[in-house]
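Enquirer: Following this line is entry16.cif, made up of mmCIF, C-alpha atoms and all ligand atoms:
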```cif
data_query
#
loop_
_atom_site.label_atom_id
_atom_site.label_comp_id
_atom_site.auth_asym_id
_atom_site.auth_seq_id
_atom_site.Cartn_x
_atom_site.Cartn_y
_atom_site.Cartn_z
CA MET A 1 5.30 -1.43 29.24
CA VAL A 2 3.24 -0.22 26.28
CA LYS A 3 3.44 3.56 26.03
CA THR A 4 2.25 3.89 22.45
CA ILE A 5 -0.07 1.95 20.18
CA PHE A 6 -0.36 2.55 16.45
CA PHE A 7 -3.29 1.11 14.50
CA TYR A 8 -2.62 1.21 10.76
CA LEU A 9 -5.96 0.81 9.01
CA ASP A 10 -5.96 -0.26 5.39
CA GLY A 11 -8.54 1.36 3.14
CA VAL A 12 -10.44 3.26 5.86
CA GLY A 13 -11.02 6.60 4.12
CA TYR A 14 -11.76 9.81 6.04
CA LYS A 15 -15.44 9.66 5.19
CA PHE A 16 -15.85 6.38 7.11
CA LEU A 17 -15.14 8.16 10.38
CA GLU A 18 -18.89 8.76 10.63
CA GLU A 19 -19.33 5.02 11.18
CA MET A 20 -16.66 4.90 13.90
CA PRO A 21 -17.87 6.79 16.99
CA PHE A 22 -14.92 5.87 19.22
CA LEU A 23 -12.35 7.06 16.69
CA LYS A 24 -14.29 10.20 15.86
CA ASN A 25 -14.57 11.14 19.50
CA LEU A 26 -10.92 10.35 20.18
CA GLY A 27 -9.89 12.62 17.30
CA GLU A 28 -12.23 15.44 18.22
CA GLU A 29 -10.83 15.53 21.75
CA GLY A 30 -7.23 15.18 20.54
CA THR A 31 -6.06 15.50 16.94
CA LEU A 32 -8.07 14.67 13.86
CA CYS A 33 -6.67 15.33 10.37
CA ARG A 34 -7.73 14.56 6.87
CA VAL A 35 -4.81 12.98 5.01
CA SER A 36 -4.30 13.66 1.33
CA VAL A 37 -3.06 10.62 -0.50
CA GLU A 38 -0.25 10.70 -3.05
CA PRO A 39 -0.92 9.94 -6.70
CA LEU A 40 -0.93 6.22 -7.58
CA HIS A 41 -0.50 5.30 -3.93
CA GLN A 42 0.20 1.59 -3.52
CA MET A 43 3.02 1.31 -1.05
CA GLU A 44 3.20 1.78 2.69
CA PHE A 45 6.47 3.68 2.28
CA SER A 46 4.56 6.83 1.33
CA ILE A 47 3.74 7.03 5.03
CA PHE A 48 6.63 5.32 6.78
CA ALA A 49 9.46 6.90 4.79
CA SER A 50 8.02 10.41 5.41
CA GLN A 51 9.00 11.40 1.91
CA GLU A 52 7.08 11.64 -1.33
CA GLN A 53 6.97 8.18 -2.84
CA LYS A 54 7.61 9.43 -6.36
CA ASP A 55 11.03 10.70 -5.26
CA LEU A 56 11.84 7.28 -3.87
CA ASN A 57 10.47 5.39 -6.90
CA LEU A 58 8.26 3.51 -4.51
CA TRP A 59 4.89 4.34 -6.02
CA THR A 60 4.65 0.97 -7.74
CA TRP A 61 5.26 -2.64 -6.69
CA TYR A 62 6.88 -3.77 -9.91
CA TYR A 63 9.37 -2.02 -12.16
CA HIS A 64 11.10 -2.94 -15.37
CA ASN A 65 14.51 -4.51 -14.75
CA PRO A 66 15.09 -7.82 -16.54
CA LYS A 67 18.63 -8.05 -15.14
CA SER A 68 17.62 -8.04 -11.49
CA SER A 69 14.23 -9.72 -11.81
CA PRO A 70 13.78 -12.60 -9.32
CA TYR A 71 11.74 -14.20 -12.10
CA SER A 72 14.45 -14.07 -14.77
CA TRP A 73 14.82 -17.86 -14.53
CA THR A 74 11.23 -18.27 -15.77
CA LYS A 75 12.45 -17.61 -19.28
CA ILE A 76 13.32 -21.31 -19.44
CA ILE A 77 9.60 -22.12 -19.13
CA PRO A 78 7.93 -22.10 -22.54
CA CYS A 79 4.97 -19.68 -22.63
CA PHE A 80 2.45 -22.42 -23.37
CA PHE A 81 3.11 -23.64 -19.81
CA ASP A 82 1.44 -20.49 -18.49
CA ASN A 83 -1.10 -22.25 -16.28
CA ASN A 84 -2.15 -22.20 -12.62
CA PHE A 85 0.04 -25.15 -11.69
CA PHE A 86 3.24 -23.53 -12.98
CA ARG A 87 2.29 -20.17 -11.55
CA LYS A 88 1.95 -21.77 -8.09
CA ILE A 89 5.40 -23.32 -8.46
CA ILE A 90 6.85 -19.94 -9.50
CA ASN A 91 5.16 -18.22 -6.54
CA TYR A 92 6.22 -20.68 -3.87
CA SER A 93 9.76 -21.16 -5.12
CA THR A 94 10.35 -17.39 -5.44
CA VAL A 95 8.94 -16.67 -1.97
CA LEU A 96 11.15 -19.40 -0.50
CA LYS A 97 14.22 -18.16 -2.38
CA GLU A 98 13.62 -14.55 -1.32
CA TYR A 99 12.90 -15.54 2.30
CA LEU A 100 16.14 -17.51 2.48
CA LYS A 101 17.95 -14.43 1.19
CA GLY A 102 16.56 -12.52 4.17
CA ASN A 103 13.87 -10.63 2.27
CA SER A 104 10.44 -10.00 3.76
CA HIS A 105 8.22 -8.47 1.08
CA PHE A 106 6.41 -11.18 -0.81
CA LEU A 107 4.08 -10.45 -3.67
CA PRO A 108 2.22 -13.13 -5.55
CA ILE A 109 2.73 -12.93 -9.30
CA SER A 110 -1.04 -12.85 -9.64
CA LYS A 111 -1.99 -12.75 -13.31
CA ILE A 112 1.24 -11.28 -14.74
CA PRO A 113 1.67 -13.19 -18.02
CA LEU A 114 4.64 -15.51 -18.03
CA ARG A 115 6.02 -13.86 -21.19
CA PHE A 116 6.37 -10.54 -19.30
CA LEU A 117 7.18 -11.73 -15.79
CA ARG A 118 10.94 -12.10 -16.45
CA ASN A 119 11.16 -8.33 -17.11
CA PHE A 120 9.96 -7.19 -13.70
CA ASP A 121 11.55 -6.78 -10.32
CA LEU A 122 10.04 -5.65 -7.01
CA THR A 123 10.74 -2.04 -6.01
CA SER A 124 11.10 -3.12 -2.41
CA LYS A 125 12.41 -6.49 -1.31
CA LYS A 126 11.64 -5.95 2.33
CA SER A 127 8.46 -5.25 4.25
CA PHE A 128 8.11 -1.67 5.51
CA ILE A 129 8.31 -2.93 9.11
CA ASP A 130 11.62 -4.72 8.45
CA LYS A 131 15.05 -3.29 9.27
CA ASN A 132 16.40 -0.78 6.68
CA PRO A 133 14.02 -1.81 3.88
CA ILE A 134 14.87 1.18 1.66
CA GLU A 135 17.71 3.62 1.13
CA ILE A 136 16.49 6.15 3.70
CA PRO A 137 15.60 5.40 7.33
CA THR A 138 11.94 4.52 7.85
CA PHE A 139 9.78 5.18 10.89
CA PHE A 140 10.80 1.84 12.44
CA ASP A 141 14.50 2.41 11.72
CA ILE A 142 14.25 5.67 13.63
CA LEU A 143 12.44 4.06 16.58
CA ARG A 144 15.16 1.44 16.71
CA GLY A 145 17.87 4.08 16.47
CA ARG A 146 16.33 5.88 19.45
CA GLY A 147 16.33 2.73 21.58
CA ILE A 148 12.54 2.38 21.58
CA SER A 149 11.46 -1.24 21.82
CA TYR A 150 8.62 -2.24 19.50
CA TYR A 151 6.56 -5.10 18.18
CA ALA A 152 5.09 -4.55 14.73
CA TYR A 153 2.89 -6.97 12.88
CA GLU A 154 2.06 -7.03 9.21
CA TRP A 155 0.74 -10.42 8.17
CA PRO A 156 2.67 -12.73 7.95
CA ILE A 157 5.72 -10.76 9.17
CA TYR A 158 6.55 -9.48 12.64
CA SER A 159 9.37 -7.16 13.44
CA THR A 160 10.96 -5.94 16.65
CA GLU A 161 13.93 -3.68 17.37
CA LEU A 162 16.02 -6.86 17.38
CA LYS A 163 14.71 -9.03 14.57
CA THR A 164 12.19 -9.69 11.83
CA GLY A 165 10.56 -13.03 11.18
CA LEU A 166 7.61 -15.00 9.98
CA ARG A 167 4.57 -15.38 12.26
CA ILE A 168 1.51 -16.83 10.60
CA VAL A 169 -1.77 -16.18 12.42
CA LYS A 170 -5.33 -16.31 11.07
CA LYS A 171 -5.87 -13.50 8.54
CA ASP A 172 -8.22 -11.57 10.78
CA ASP A 173 -7.83 -8.09 12.30
CA SER A 174 -8.77 -9.36 15.79
CA CYS A 175 -6.02 -11.99 15.54
CA PHE A 176 -3.48 -9.35 14.46
CA LEU A 177 -4.42 -7.30 17.53
CA GLU A 178 -4.23 -10.36 19.80
CA GLU A 179 -0.78 -11.02 18.37
CA ILE A 180 0.63 -7.59 19.22
CA LEU A 181 -0.98 -7.63 22.69
CA LYS A 182 1.18 -10.64 23.55
CA HIS A 183 4.10 -8.20 23.59
CA LYS A 184 3.18 -5.71 26.28
CA GLU A 185 6.78 -5.62 27.47
CA LYS A 186 7.52 -3.37 24.45
CA ASP A 187 7.24 0.44 24.42
CA PHE A 188 5.50 0.60 21.07
CA LEU A 189 2.93 -1.69 19.47
CA PHE A 190 1.93 -1.55 15.82
CA ALA A 191 -0.57 -3.54 13.78
CA HIS A 192 -1.49 -3.28 10.11
CA LEU A 193 -5.21 -4.10 9.97
CA THR A 194 -5.77 -5.17 6.39
CA VAL A 195 -9.13 -6.94 6.29
CA PHE A 196 -11.28 -3.87 5.56
CA ASP A 197 -9.38 -3.04 2.35
CA GLY A 198 -10.31 -6.42 0.87
CA LEU A 199 -13.97 -6.05 1.88
CA LEU A 200 -14.25 -2.60 0.36
CA HIS A 201 -12.71 -3.77 -2.93
CA LYS A 202 -15.20 -6.63 -2.99
CA PHE A 203 -18.40 -4.91 -1.91
CA GLY A 204 -17.99 -1.15 -2.52
CA SER A 205 -18.82 1.49 0.10
CA GLU A 206 -22.63 1.23 -0.11
CA ASN A 207 -22.90 -2.34 1.10
CA LYS A 208 -24.19 -2.99 4.66
CA ILE A 209 -21.25 -5.34 5.25
CA ILE A 210 -18.96 -2.31 5.07
CA ARG A 211 -20.83 -0.33 7.71
CA ASN A 212 -21.04 -3.34 10.00
CA TYR A 213 -17.35 -4.05 9.66
CA LEU A 214 -16.39 -0.43 10.42
CA ARG A 215 -18.43 -0.56 13.64
CA LYS A 216 -16.81 -3.85 14.62
CA LEU A 217 -13.36 -2.42 13.90
CA ASP A 218 -14.15 0.69 15.95
CA ARG A 219 -15.30 -1.44 18.91
CA ASN A 220 -12.19 -3.61 18.63
CA ILE A 221 -9.89 -0.58 18.71
CA GLU A 222 -11.86 0.85 21.65
CA LYS A 223 -11.54 -2.41 23.59
CA VAL A 224 -7.78 -2.62 23.04
CA CYS A 225 -7.25 1.05 23.98
CA ASN A 226 -9.40 0.88 27.12
CA GLY A 227 -7.56 -2.25 28.25
CA LEU A 228 -4.15 -0.62 27.77
CA LEU A 229 -5.24 2.71 29.29
CA LYS A 230 -6.12 0.87 32.53
CA GLU A 231 -2.55 -0.34 32.77
CA TYR A 232 -0.95 2.84 31.47
CA PRO A 233 -3.12 5.98 31.65
CA ASP A 234 -0.64 8.12 29.64
CA LEU A 235 -0.91 5.76 26.64
CA LYS A 236 -0.49 7.48 23.28
CA ILE A 237 -2.88 6.22 20.64
CA PHE A 238 -2.44 6.71 16.89
CA VAL A 239 -4.96 5.55 14.34
CA VAL A 240 -3.83 6.13 10.78
CA SER A 241 -5.20 4.99 7.46
CA ASP A 242 -3.42 4.88 4.13
CA HIS A 243 -6.19 5.72 1.67
CA GLY A 244 -9.91 5.63 1.00
CA MET A 245 -11.47 4.26 -2.15
CA VAL A 246 -13.58 5.33 -5.08
CA ASN A 247 -16.49 3.11 -6.11
CA VAL A 248 -15.86 1.68 -9.56
CA ARG A 249 -18.49 2.35 -12.22
CA GLU A 250 -16.93 0.89 -15.32
CA GLY A 251 -14.07 -1.14 -16.69
CA VAL A 252 -11.54 0.04 -19.28
CA ASP A 253 -10.64 -2.92 -21.48
CA ILE A 254 -7.21 -2.35 -23.00
CA THR A 255 -6.94 -5.85 -24.49
CA ASN A 256 -7.35 -4.67 -28.09
CA SER A 257 -5.15 -1.61 -27.60
CA VAL A 258 -2.10 -3.72 -26.69
CA LYS A 259 -2.85 -6.57 -29.07
CA ASN A 260 -0.36 -7.11 -31.92
CA LEU A 261 2.05 -4.49 -30.53
CA ASP A 262 5.68 -5.40 -30.02
CA ILE A 263 5.85 -4.05 -26.47
CA VAL A 264 6.22 -5.15 -22.87
CA TYR A 265 3.41 -3.85 -20.72
CA PHE A 266 2.16 -3.95 -17.16
CA ALA A 267 -1.56 -3.57 -16.50
CA ASP A 268 -2.30 -2.46 -12.94
CA SER A 269 -5.91 -1.79 -11.92
CA THR A 270 -5.58 1.96 -12.34
CA CYS A 271 -2.64 2.40 -14.67
CA LEU A 272 -1.03 0.83 -17.69
CA ARG A 273 2.69 1.08 -18.38
CA ALA A 274 4.30 0.14 -21.68
CA TRP A 275 7.88 -0.26 -22.83
CA GLY A 276 8.72 -0.33 -26.51
CA GLY A 277 9.91 1.45 -29.65
CA LYS A 278 8.69 4.90 -30.64
CA LYS A 279 6.29 3.75 -33.35
CA GLU A 280 4.63 1.12 -31.21
CA ILE A 281 4.28 3.49 -28.28
CA GLU A 282 2.75 6.15 -30.51
CA LYS A 283 0.22 3.63 -31.88
CA LEU A 284 -0.72 2.69 -28.34
CA ARG A 285 -0.96 6.33 -27.25
CA LYS A 286 -3.38 7.12 -30.06
CA ASP A 287 -5.56 4.15 -29.31
CA LEU A 288 -5.73 4.84 -25.57
CA GLU A 289 -7.02 8.36 -26.20
CA LYS A 290 -10.56 7.00 -26.45
CA PHE A 291 -10.54 5.97 -22.78
CA PRO A 292 -11.21 8.18 -19.72
CA GLY A 293 -7.82 8.97 -18.26
CA LYS A 294 -4.50 10.68 -18.86
CA ILE A 295 -1.59 9.52 -20.98
CA TYR A 296 2.01 10.48 -20.31
CA THR A 297 5.00 9.90 -22.57
CA ASN A 298 8.39 11.58 -22.90
CA LYS A 299 6.65 14.50 -24.64
CA ASN A 300 4.53 15.59 -21.66
CA LYS A 301 6.47 13.97 -18.83
CA GLU A 302 6.67 17.23 -16.85
CA LYS A 303 2.92 17.04 -16.27
CA CYS A 304 3.08 13.49 -14.97
CA PRO A 305 2.10 13.23 -11.26
CA ILE A 306 4.98 10.84 -10.57
CA SER A 307 8.64 11.02 -11.68
CA PHE A 308 8.75 9.89 -15.28
CA LYS A 309 11.61 7.40 -15.19
CA ARG A 310 11.57 4.77 -17.87
CA ASN A 311 12.16 1.74 -15.60
CA TYR A 312 9.26 2.76 -13.40
CA SER A 313 6.82 4.72 -15.55
CA GLY A 314 7.46 2.94 -18.84
CA ASP A 315 7.76 4.80 -22.15
CA LEU A 316 4.06 5.40 -21.76
CA LEU A 317 1.99 5.70 -18.62
CA PHE A 318 -1.80 5.72 -18.81
CA ILE A 319 -3.75 6.52 -15.63
CA VAL A 320 -7.51 5.95 -15.62
CA GLU A 321 -9.96 8.48 -14.19
CA PRO A 322 -11.18 7.76 -10.64
CA GLY A 323 -14.18 5.42 -10.79
CA PHE A 324 -12.75 3.24 -13.56
CA GLU A 325 -10.72 0.06 -13.46
CA ILE A 326 -8.42 -1.29 -16.14
CA PHE A 327 -10.11 -4.63 -16.59
CA PRO A 328 -8.90 -7.26 -17.09
CA ASN A 329 -5.56 -6.42 -15.46
CA PHE A 330 -2.61 -8.34 -14.01
CA PHE A 331 -4.22 -8.63 -10.58
CA ASN A 332 -7.84 -9.17 -11.49
CA ASN A 333 -9.31 -10.81 -14.57
CA SER A 334 -12.41 -12.44 -13.17
CA LYS A 335 -14.87 -9.75 -12.09
CA LEU A 336 -14.87 -5.94 -12.16
CA ILE A 337 -13.92 -4.73 -8.69
CA LYS A 338 -16.45 -2.63 -6.68
CA ALA A 339 -14.04 0.00 -5.32
CA MET A 340 -10.44 0.97 -6.04
CA HIS A 341 -7.57 3.23 -4.96
CA GLY A 342 -4.30 4.13 -6.68
CA TYR A 343 -5.63 6.94 -8.87
CA ASP A 344 -4.14 10.35 -9.50
CA LYS A 345 -4.70 12.75 -6.61
CA THR A 346 -8.36 13.11 -5.60
CA SER A 347 -9.95 14.09 -2.28
CA GLU A 348 -12.22 11.06 -2.60
CA LEU A 349 -9.23 8.98 -1.52
CA ASP A 350 -8.49 11.07 1.60
CA ALA A 351 -7.32 9.02 4.57
CA LEU A 352 -7.33 9.84 8.30
CA PHE A 353 -5.02 10.57 11.20
CA VAL A 354 -6.33 10.35 14.77
CA HIS A 355 -4.37 10.89 17.98
CA ASN A 356 -5.64 11.13 21.56
CA TYR A 357 -3.52 14.25 22.32
CA LYS A 358 -3.68 17.61 20.62
CA ILE A 359 -0.47 17.99 18.59
CA THR A 360 -1.43 20.15 15.62
CA ASN A 361 -4.06 22.63 14.48
CA LYS A 362 -3.79 21.48 10.89
CA LYS A 363 -6.97 20.02 9.45
CA LYS A 364 -5.23 18.41 6.50
CA ILE A 365 -1.81 16.81 6.15
CA PRO A 366 -0.14 14.77 3.39
CA THR A 367 0.62 11.06 3.91
CA PHE A 368 4.31 11.88 4.32
CA GLY A 369 3.42 14.29 7.13
CA ILE A 370 2.01 11.53 9.37
CA CYS A 371 5.20 10.12 10.92
CA PRO A 372 6.68 13.57 11.68
CA LEU A 373 3.54 14.20 13.79
CA VAL A 374 3.98 10.89 15.58
CA PHE A 375 7.61 11.77 16.29
CA LYS A 376 6.54 15.18 17.55
CA SER A 377 4.14 13.58 20.01
CA LEU A 378 6.77 11.07 21.13
CA LYS A 379 9.32 13.91 21.39
CA ILE A 380 11.67 12.25 18.92
CA PRO A 381 13.48 14.47 16.38
CA ALA A 382 11.76 13.93 13.01
CA PRO A 383 13.68 12.02 10.33
CA LEU A 384 14.63 15.06 8.29
CA GLU A 385 15.69 17.25 11.20
ZN ZN B 1 -6.35 -2.17 -1.65
#
```
Output the file's structure as structure tokens, nothing else.
Ligand SMILES: [Zn+2]

Expert:
Amino acid sequence: MVKTIFFYLDGVGYKFLEEMPFLKNLGEEGTLCRVSVEPLHQMEFSIFASQEQKDLNLWTWYYHNPKSSPYSWTKIIPCFFDNNFFRKIINYSTVLKEYLKGNSHFLPISKIPLRFLRNFDLTSKKSFIDKNPIEIPTFFDILRGRGISYYAYEWPIYSTELKTGLRIVKKDDSCFLEEILKHKEKDFLFAHLTVFDGLLHKFGSENKIIRNYLRKLDRNIEKVCNGLLKEYPDLKIFVVSDHGMVNVREGVDITNSVKNLDIVYFADSTCLRAWGGKKEIEKLRKDLEKFPGKIYTNKNKEKCPISFKRNYSGDLLFIVEPGFEIFPNFFNNSKLIKAMHGYDKTSELDALFVHNYKITNKKKIPTFGICPLVFKSLKIPAPLE
């Protein structure tokens, strides 16, 4: 019987609570916290590993490791074959190869140029809901260790205390919820609701579509909770989001800055990392100074908001100011995005934590403080205890 349900909302920043009357009310009668988001947040592990992501080197999806790269074989493809057809083949064959190896975290190669792809490996090969995905126990590992049965869904992967597998349903939050509700025999249900994140990137926070979607999401959550509460009145409800977003005003075009340099680089939407010799890196550093943002190299690495480790941060790390997007980048080269996350720390990105019981007086917690609160409510010793 379902005793706990955990809604993991992607991209629903704290400020959106105003558009979600059910959630707001639930939090005001129980627990409602603002959640400060870690710098350069990209990965779910910042929440589910209950440890700062910079210490786990999990703040980025890709890191520099040509030896272990699942794409190392692509070096046999001449660079002039860098077209959509070949990229599809690389994507599908790598996903298949990784899946057969038992991995569950699949990232499309997006727009990473073929000449660089062979240098990069994924920081995590398994989905955060999978069994032992990283070196320390995650939230789900601890549930499993405590004998709590669960069904977790993160498209297209499901995971239970017994196994992890592929379950492809329509990419729609209502379908994700329907999917977990088929497993009411479990103690704990979890769904990662990802649709809103995509809408916010596409439309920005001022668009009517955003407000309408938040209301729909709120009603959906209310319906699921009310249904479960009828069957189990002591149901524990958690609604957690991972980050908000900042509307993007302008693009930062680094094309000319990296041109003609003998470096390997990775252009994310909010940061640029470069690997190369001292002279080349210094040239790049000087040129990037004209853009809004901060540049970190070995010389000022102590000030860097994440651990400055060459494989992860590069020899140079450039982080744009909130409200800007490195454009074009390796994930988007068609149209400037309307809203983005993954900046250095800013309260504009604050996320939310809502629970239907009062468990803390704190008004603000960090992302890595979320799961310890859930464990407290479920009376499970927290991971670090
Ligand atoms: Zn996003």

Enquirer: List as a count of residues only the protein and nucleic acid residues lying within 7 Å of ligand ZN 1 (chain B), with only C-alpha atoms and all ligand atoms counted.

Expert: 6

Enquirer: Mind checking which residues fall within 6 Å of Ser269 of chain A, counting all atoms listed in the file, ignoring those fewer than 6 positions away in the same chain, and posting them as a short mmCIF file (atom, residue, chain, number, x, y, z; two decimals) with C-alpha atoms, keeping the file's coordinate frame?

Expert:
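Final output, saved to out_19.cif:
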```
data_model
loop_
_atom_site.label_atom_id
_atom_site.label_comp_id
_atom_site.auth_asym_id
_atom_site.auth_seq_id
_atom_site.Cartn_x
_atom_site.Cartn_y
_atom_site.Cartn_z
CA GLU A 325 -10.72 0.06 -13.46
CA ILE A 326 -8.42 -1.29 -16.14
CA ASN A 329 -5.56 -6.42 -15.46
#
```

Enquirer: With a distance cut-off of 10 Å and only C-alpha atoms, select the neighbouring residues of Gly147 of chain A, excluding the residue or stretch itself and same-chain residues fewer than 5 positions from it, and output the selection as a list in words.

Expert: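 Neighbouring residues, sequence-local ones excluded: Ile142, Glu161 and Asp187 of chain A.
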
Enquirer: Need the shell around Phe238 of chain A: protein/DNA/RNA residues with any atom at most 7 Å away, counting only C-alpha atoms. Skip same-chain ones fewer than 5 positions apart. Format as a list in words?

Expert: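 With the cut-off at 7 Å, the set is Ile5, Phe6, Phe7, Val354 and His355 of chain A.
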
Enquirer: Give the answer as one residue: which of A:Gln53, A:Asp262, A:Thr346, A:Lys299 has the shortest atom-to-atom distance to Ile136 of chain A, using all atoms listed in the file?

Expert: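 The closest residue to Ile136 of chain A is A:Gln53.
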
Enquirer: Using only C-alpha atoms, can you tell me which of A:Ser241, A:Thr31, A:Asn212, A:Thr164 comes closest to Tyr357 of chain A?

Expert: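 Comparing A:Ser241, A:Thr31, A:Asn212, A:Thr164 against Tyr357 of chain A, the winner is A:Thr31.
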
Enquirer: Ranking A:Asn260, A:Thr123, A:Thr360, A:Asn84 by minimum distance to Ser110 of chain A and counting all atoms listed in the file, which one comes first?

Expert: A:Asn84

Enquirer: So how far away is atom CA of Glu348 of chain A from atom CA of Gly13 of chain A, in Å?

Expert: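 Calculated distance between atom CA of Gly13 of chain A and atom CA of Glu348 of chain A is 8.2 Å.
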
Enquirer: Quick one, how far is atom CA of Lys75 of chain A from atom CA of Gly276 of chain A?

Expert: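 Result for atom CA of Lys75 of chain A versus atom CA of Gly276 of chain A: 19.1 Å, one decimal.
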
Enquirer: Please compute the atom CA of Leu229 of chain A-atom CA of Leu373 of chain A distance, one decimal, in Å.

Expert: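 Between atom CA of Leu229 of chain A and atom CA of Leu373 of chain A the gap is 21.2 Å.
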
Enquirer: Dig up all the protein and nucleic acid residues within 12 Å of (8.4, 4.0, 0.6) in the file frame, using all atoms listed in the file, and format them as a ChimeraX atom specification.

Expert: /A:38,41-61,123-129,132-139,367-368

Enquirer: Ranking A:Lys236, A:Arg310, A:Lys184, A:Lys259 by minimum distance to Trp275 of chain A and counting all atoms listed in the file, which one comes first?

Expert: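 Once distances to Trp275 of chain A are computed over all atoms listed in the file, the minimum belongs to A:Arg310.
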
Enquirer: Which is closer to Asp173 of chain A than all the others in A:Tyr8, A:Phe266, A:Tyr62, A:Phe203, using all atoms listed in the file?

Expert: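 Closest to Asp173 of chain A of all the choices is A:Tyr8.
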
Enquirer: Given the choices A:Pro372, A:Gly227, A:Gly204, A:Asn361, which gets closest to Leu336 of chain A if the distance is worked out from all atoms listed in the file?

Expert: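 Counting all atoms listed in the file, the residue closest to Leu336 of chain A is A:Gly204.
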
Enquirer: N, CA and C atoms are what I want for segment 111-130 of chain A; can you complete it accordingly and write them as a PDB file, in the frame of the given file?

Expert:
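Contents of out-v8.pdb, freshly written:
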```pdb
ATOM      1  N   LYS A 111      -1.661 -12.361 -11.924  1.00  0.00           N
ATOM      2  CA  LYS A 111      -1.990 -12.750 -13.310  1.00  0.00           C
ATOM      3  C   LYS A 111      -0.952 -12.217 -14.306  1.00  0.00           C
ATOM      4  N   ILE A 112       0.229 -11.803 -13.812  1.00  0.00           N
ATOM      5  CA  ILE A 112       1.240 -11.280 -14.740  1.00  0.00           C
ATOM      6  C   ILE A 112       1.588 -12.381 -15.751  1.00  0.00           C
ATOM      7  N   PRO A 113       1.394 -12.125 -17.044  1.00  0.00           N
ATOM      8  CA  PRO A 113       1.670 -13.190 -18.020  1.00  0.00           C
ATOM      9  C   PRO A 113       3.125 -13.633 -17.958  1.00  0.00           C
ATOM     10  N   LEU A 114       3.309 -14.923 -18.110  1.00  0.00           N
ATOM     11  CA  LEU A 114       4.640 -15.510 -18.030  1.00  0.00           C
ATOM     12  C   LEU A 114       5.621 -14.857 -19.012  1.00  0.00           C
ATOM     13  N   ARG A 115       5.113 -14.436 -20.178  1.00  0.00           N
ATOM     14  CA  ARG A 115       6.020 -13.860 -21.190  1.00  0.00           C
ATOM     15  C   ARG A 115       6.564 -12.501 -20.759  1.00  0.00           C
ATOM     16  N   PHE A 116       5.905 -11.846 -19.777  1.00  0.00           N
ATOM     17  CA  PHE A 116       6.370 -10.540 -19.300  1.00  0.00           C
ATOM     18  C   PHE A 116       7.097 -10.613 -17.959  1.00  0.00           C
ATOM     19  N   LEU A 117       6.721 -11.631 -17.175  1.00  0.00           N
ATOM     20  CA  LEU A 117       7.180 -11.730 -15.790  1.00  0.00           C
ATOM     21  C   LEU A 117       8.692 -11.529 -15.631  1.00  0.00           C
ATOM     22  N   ARG A 118       9.468 -12.129 -16.549  1.00  0.00           N
ATOM     23  CA  ARG A 118      10.940 -12.100 -16.450  1.00  0.00           C
ATOM     24  C   ARG A 118      11.508 -10.686 -16.531  1.00  0.00           C
ATOM     25  N   ASN A 119      10.683  -9.713 -16.957  1.00  0.00           N
ATOM     26  CA  ASN A 119      11.160  -8.330 -17.110  1.00  0.00           C
ATOM     27  C   ASN A 119      11.048  -7.513 -15.824  1.00  0.00           C
ATOM     28  N   PHE A 120      10.305  -8.052 -14.835  1.00  0.00           N
ATOM     29  CA  PHE A 120       9.960  -7.190 -13.700  1.00  0.00           C
ATOM     30  C   PHE A 120      10.610  -7.609 -12.388  1.00  0.00           C
ATOM     31  N   ASP A 121      10.976  -6.576 -11.641  1.00  0.00           N
ATOM     32  CA  ASP A 121      11.550  -6.780 -10.320  1.00  0.00           C
ATOM     33  C   ASP A 121      10.682  -6.012  -9.317  1.00  0.00           C
ATOM     34  N   LEU A 122      10.802  -6.358  -8.042  1.00  0.00           N
ATOM     35  CA  LEU A 122      10.040  -5.650  -7.010  1.00  0.00           C
ATOM     36  C   LEU A 122      10.801  -4.391  -6.597  1.00  0.00           C
ATOM     37  N   THR A 123      10.068  -3.281  -6.419  1.00  0.00           N
ATOM     38  CA  THR A 123      10.740  -2.040  -6.010  1.00  0.00           C
ATOM     39  C   THR A 123      11.276  -2.162  -4.579  1.00  0.00           C
ATOM     40  N   SER A 124      10.582  -2.951  -3.760  1.00  0.00           N
ATOM     41  CA  SER A 124      11.100  -3.120  -2.410  1.00  0.00           C
ATOM     42  C   SER A 124      11.112  -4.600  -2.061  1.00  0.00           C
ATOM     43  N   LYS A 125      12.255  -5.062  -1.595  1.00  0.00           N
ATOM     44  CA  LYS A 125      12.410  -6.490  -1.310  1.00  0.00           C
ATOM     45  C   LYS A 125      12.051  -6.807   0.144  1.00  0.00           C
ATOM     46  N   LYS A 126      11.919  -5.719   0.909  1.00  0.00           N
ATOM     47  CA  LYS A 126      11.640  -5.950   2.330  1.00  0.00           C
ATOM     48  C   LYS A 126      10.333  -5.276   2.722  1.00  0.00           C
ATOM     49  N   SER A 127       9.686  -5.829   3.710  1.00  0.00           N
ATOM     50  CA  SER A 127       8.460  -5.250   4.250  1.00  0.00           C
ATOM     51  C   SER A 127       8.802  -3.901   4.893  1.00  0.00           C
ATOM     52  N   PHE A 128       7.835  -2.994   4.920  1.00  0.00           N
ATOM     53  CA  PHE A 128       8.110  -1.670   5.510  1.00  0.00           C
ATOM     54  C   PHE A 128       8.378  -1.728   6.995  1.00  0.00           C
ATOM     55  N   ILE A 129       8.019  -2.851   7.665  1.00  0.00           N
ATOM     56  CA  ILE A 129       8.310  -2.930   9.110  1.00  0.00           C
ATOM     57  C   ILE A 129       9.673  -3.580   9.366  1.00  0.00           C
ATOM     58  N   ASP A 130      10.303  -4.070   8.305  1.00  0.00           N
ATOM     59  CA  ASP A 130      11.620  -4.720   8.450  1.00  0.00           C
ATOM     60  C   ASP A 130      12.700  -3.652   8.676  1.00  0.00           C
TER      61      ASP A 130
END
```
